[in-house]
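Heads up, the thing below is written out as structure tokens.
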Amino acid sequence: MITYGFFDSAFFIPVYVLLLIICAFLGNKLSKREKRIYGNERNYESQGLLQAFVIFLSLLYTFTLSGTANHFRDAKALVAQEADAISEVYRWGKQLDKEDELKFVKMLLEYSEFRADYSQSFDMEKAITLQSNMWDFTLLKEKDERYSWFSHKILEALNTTTHLYWDKYYSDKDRVPLPIIMLIFLFSMVVTFFLGYTNENRRSHFVVNVLTFVSLNLLMMFTIREIDMLYHGMISVNPENIKDLVGFFRNILETAK
């Protein structure tokens, strides 16, 4: 059974390619064995079945890649929305007095650094702690009549920021279902087996056909995996919006020294 750990590992692609080549070789060996046993009596065709399998596999790849690409775009949009929400918190926080504003910017800097580092994205306890610190600080300021209205607007923006964190938290965990990955994995093996099985009379074309088909499968599976990983793959969501905020908040604190 395939797991996300194996799917994300460096071993998945080599194992996948090796199994595809073995399936093609076994299909070719079976066809040659049947030809030796049955000779001219082995006159049935399996090209139609192979074409049907290829069409079905193509549809599997198409719908899976489409869904993965949409999820990738949603992840990028959530990063931009979260950066906008943090920026709105800062804009209202600027209305506090200078000392409190700098304290609040330090909290926003710590939170932005946390959100810009994907390795910590699933650390719920730290997220709750950082959000609670800003929330509690703002509640105290809300008791001051001078900052009551501004504090209320900060709390509204913080509420949006918190909601976006949890939206992104669960969105990042929403990956291609393992049964779909397993179906593509197994069905590509079946198709490659039939490809080898139907090339028994074309020895000069066997290697080219198999390598071409294996390469196409590898390209599609690799692309799906890299996009599905969101932040760890070669095709990754770049939290540049939030990283820019980190630099902005650091500059404010350095300028205030």
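Following the order of the structure tokens, chains are lettered A, B, ..., residues in each are numbered from 1, and ligands are numbered from 1.
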Considering only C-alpha atoms, give me a table of residues in segment 151-192 of chain A that are at most 8 Å from segment 1-18 of chain A, with the closest atom pair and distance in Å for each, as JSON lines.
```
{"residue": "A:Leu178", "atom": "CA", "partner": "A:Thr3", "partner_atom": "CA", "distance": 7.0}
{"residue": "A:Ile181", "atom": "CA", "partner": "A:Ile2", "partner_atom": "CA", "distance": 7.9}
{"residue": "A:Met182", "atom": "CA", "partner": "A:Ile2", "partner_atom": "CA", "distance": 6.5}
{"residue": "A:Phe185", "atom": "CA", "partner": "A:Tyr16", "partner_atom": "CA", "distance": 7.9}
```
Give me the residues within 9 Å of Leu26 of chain A as a PyMOL selection string, counting only C-alpha atoms and dropping any in the same chain fewer than 4 places off.
chain A and resi 21-22+30-31+193+196-197
Considering only C-alpha atoms, return as a ChimeraX atom specification whatever protein or nucleic-acid residues lie within 8 Å of Leu108 of chain A, sequence-local ones (same chain, fewer than 4 positions apart) excluded.
/A:86,90,104,112,134,249
Using DSSP assignments from the backbone, pull out every residue in segment 24-198 of chain A that falls under alpha helix (DSSP H) and give it to me as a PyMOL selection string.
chain A and resi 24-38+47-93+98-116+124-142+148-173+178-197
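Using only C-alpha atoms, the shortest contact distance between Pro239 of chain A and any of A:Leu57, A:Leu65, A:Ala24, A:Ala80 is found at A:Ala80.
Restricting the calculation to only C-alpha atoms, the smallest distance between Gln51 of chain A and any of A:Asn28, A:Thr198, A:Thr255, A:Asn217 is found for A:Thr198.
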Shell around Glu99 of chain A at 12 Å using only C-alpha atoms, local window under 6 positions removed, as a PyMOL selection string
chain A and resi 93+105-106+253+256-257
Find the residues near Leu230 of chain A: any atom within 12 Å, counting only C-alpha atoms, skip ones fewer than 2 places away on the same chain, and give them as an MDAnalysis selection string.
chainID A and resid 8 68:76 79 118 168 171:176 223:228 232:239
Write the selection just made, keeping C-alpha atoms, as a PDB file, in the first residue's frame?
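This went into result-v7.pdb:
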```
ATOM      1  CA  ASP A   8       7.038  12.051  -1.141  1.00  0.00           C
ATOM      2  CA  THR A  68      -3.806  19.126  -8.205  1.00  0.00           C
ATOM      3  CA  ALA A  69      -3.185  22.305 -10.211  1.00  0.00           C
ATOM      4  CA  ASN A  70      -6.383  23.883  -8.853  1.00  0.00           C
ATOM      5  CA  HIS A  71      -5.323  23.018  -5.295  1.00  0.00           C
ATOM      6  CA  PHE A  72      -1.913  24.586  -5.973  1.00  0.00           C
ATOM      7  CA  ARG A  73      -3.534  27.814  -7.179  1.00  0.00           C
ATOM      8  CA  ASP A  74      -5.786  27.869  -4.099  1.00  0.00           C
ATOM      9  CA  ALA A  75      -2.721  27.497  -1.855  1.00  0.00           C
ATOM     10  CA  LYS A  76      -1.046  30.460  -3.564  1.00  0.00           C
ATOM     11  CA  VAL A  79      -0.818  32.896   1.056  1.00  0.00           C
ATOM     12  CA  TYR A 118       6.619  26.210   6.178  1.00  0.00           C
ATOM     13  CA  LYS A 168      -4.625  27.174   5.099  1.00  0.00           C
ATOM     14  CA  SER A 171      -6.028  23.116   2.841  1.00  0.00           C
ATOM     15  CA  ASP A 172      -2.347  22.156   2.994  1.00  0.00           C
ATOM     16  CA  LYS A 173      -3.329  18.748   4.390  1.00  0.00           C
ATOM     17  CA  ASP A 174      -5.817  18.192   1.559  1.00  0.00           C
ATOM     18  CA  ARG A 175      -3.728  16.182  -0.888  1.00  0.00           C
ATOM     19  CA  VAL A 176      -4.411  13.854  -3.806  1.00  0.00           C
ATOM     20  CA  THR A 223       4.567  16.572 -11.994  1.00  0.00           C
ATOM     21  CA  ILE A 224       1.551  15.496  -9.945  1.00  0.00           C
ATOM     22  CA  ARG A 225       3.761  14.658  -6.965  1.00  0.00           C
ATOM     23  CA  GLU A 226       5.762  17.898  -7.078  1.00  0.00           C
ATOM     24  CA  ILE A 227       2.646  20.088  -7.341  1.00  0.00           C
ATOM     25  CA  ASP A 228       0.825  18.089  -4.661  1.00  0.00           C
ATOM     26  CA  HIS A 232       8.599  20.815  -0.519  1.00  0.00           C
ATOM     27  CA  GLY A 233       8.770  20.016  -4.219  1.00  0.00           C
ATOM     28  CA  MET A 234      10.563  21.582  -7.162  1.00  0.00           C
ATOM     29  CA  ILE A 235       7.243  23.228  -8.079  1.00  0.00           C
ATOM     30  CA  SER A 236       6.388  24.940  -4.813  1.00  0.00           C
ATOM     31  CA  VAL A 237       4.244  27.718  -3.392  1.00  0.00           C
ATOM     32  CA  ASN A 238       6.517  30.606  -2.468  1.00  0.00           C
ATOM     33  CA  PRO A 239       5.312  32.520   0.639  1.00  0.00           C
TER      34      PRO A 239
END
```
Using only C-alpha atoms, determine which residues lie at most 12 Å from Leu216 of chain A, disregarding the query and same-chain residues fewer than 6 positions distant; provide the list as a compact mmCIF listing (two decimals) with N, CA and C atoms, in the first residue's frame.
```
# COMPACT_ATOMS: atom_id res chain seq x y z
N VAL A 17 9.78 3.73 -11.82
CA VAL A 17 10.36 3.50 -13.14
C VAL A 17 10.80 2.04 -13.29
N LEU A 20 7.82 -0.24 -13.81
CA LEU A 20 7.26 -0.10 -15.16
C LEU A 20 8.08 -0.89 -16.17
N VAL A 54 -4.96 2.75 -22.42
CA VAL A 54 -4.21 4.00 -22.53
C VAL A 54 -5.15 5.20 -22.39
N LEU A 57 -6.12 5.52 -18.72
CA LEU A 57 -4.99 6.04 -17.95
C LEU A 57 -4.81 7.53 -18.22
N SER A 58 -4.98 7.93 -19.47
CA SER A 58 -4.86 9.35 -19.83
C SER A 58 -5.91 10.20 -19.11
N TYR A 61 -4.87 10.60 -15.46
CA TYR A 61 -3.83 11.61 -15.33
C TYR A 61 -4.41 13.02 -15.51
N SER A 188 -0.99 2.03 -14.47
CA SER A 188 0.12 2.28 -15.39
C SER A 188 0.98 1.02 -15.54
N THR A 192 1.61 -0.78 -19.13
CA THR A 192 2.98 -1.04 -19.57
C THR A 192 3.18 -2.53 -19.86
N ASN A 209 9.55 2.10 -27.77
CA ASN A 209 8.16 2.22 -27.33
C ASN A 209 8.06 2.22 -25.80
N VAL A 210 8.76 1.29 -25.18
CA VAL A 210 8.70 1.17 -23.72
C VAL A 210 9.31 2.40 -23.04
N PHE A 222 5.60 12.49 -11.77
CA PHE A 222 6.51 13.41 -11.11
C PHE A 222 5.89 14.80 -10.97
N THR A 223 5.21 15.25 -12.03
CA THR A 223 4.57 16.57 -11.99
C THR A 223 3.46 16.61 -10.95
```
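When only C-alpha atoms are used to measure the gap to Phe53 of chain A, the shortest distance among A:Ile252, A:Ile184, A:Val208, A:Ala83 belongs to A:Ile184.
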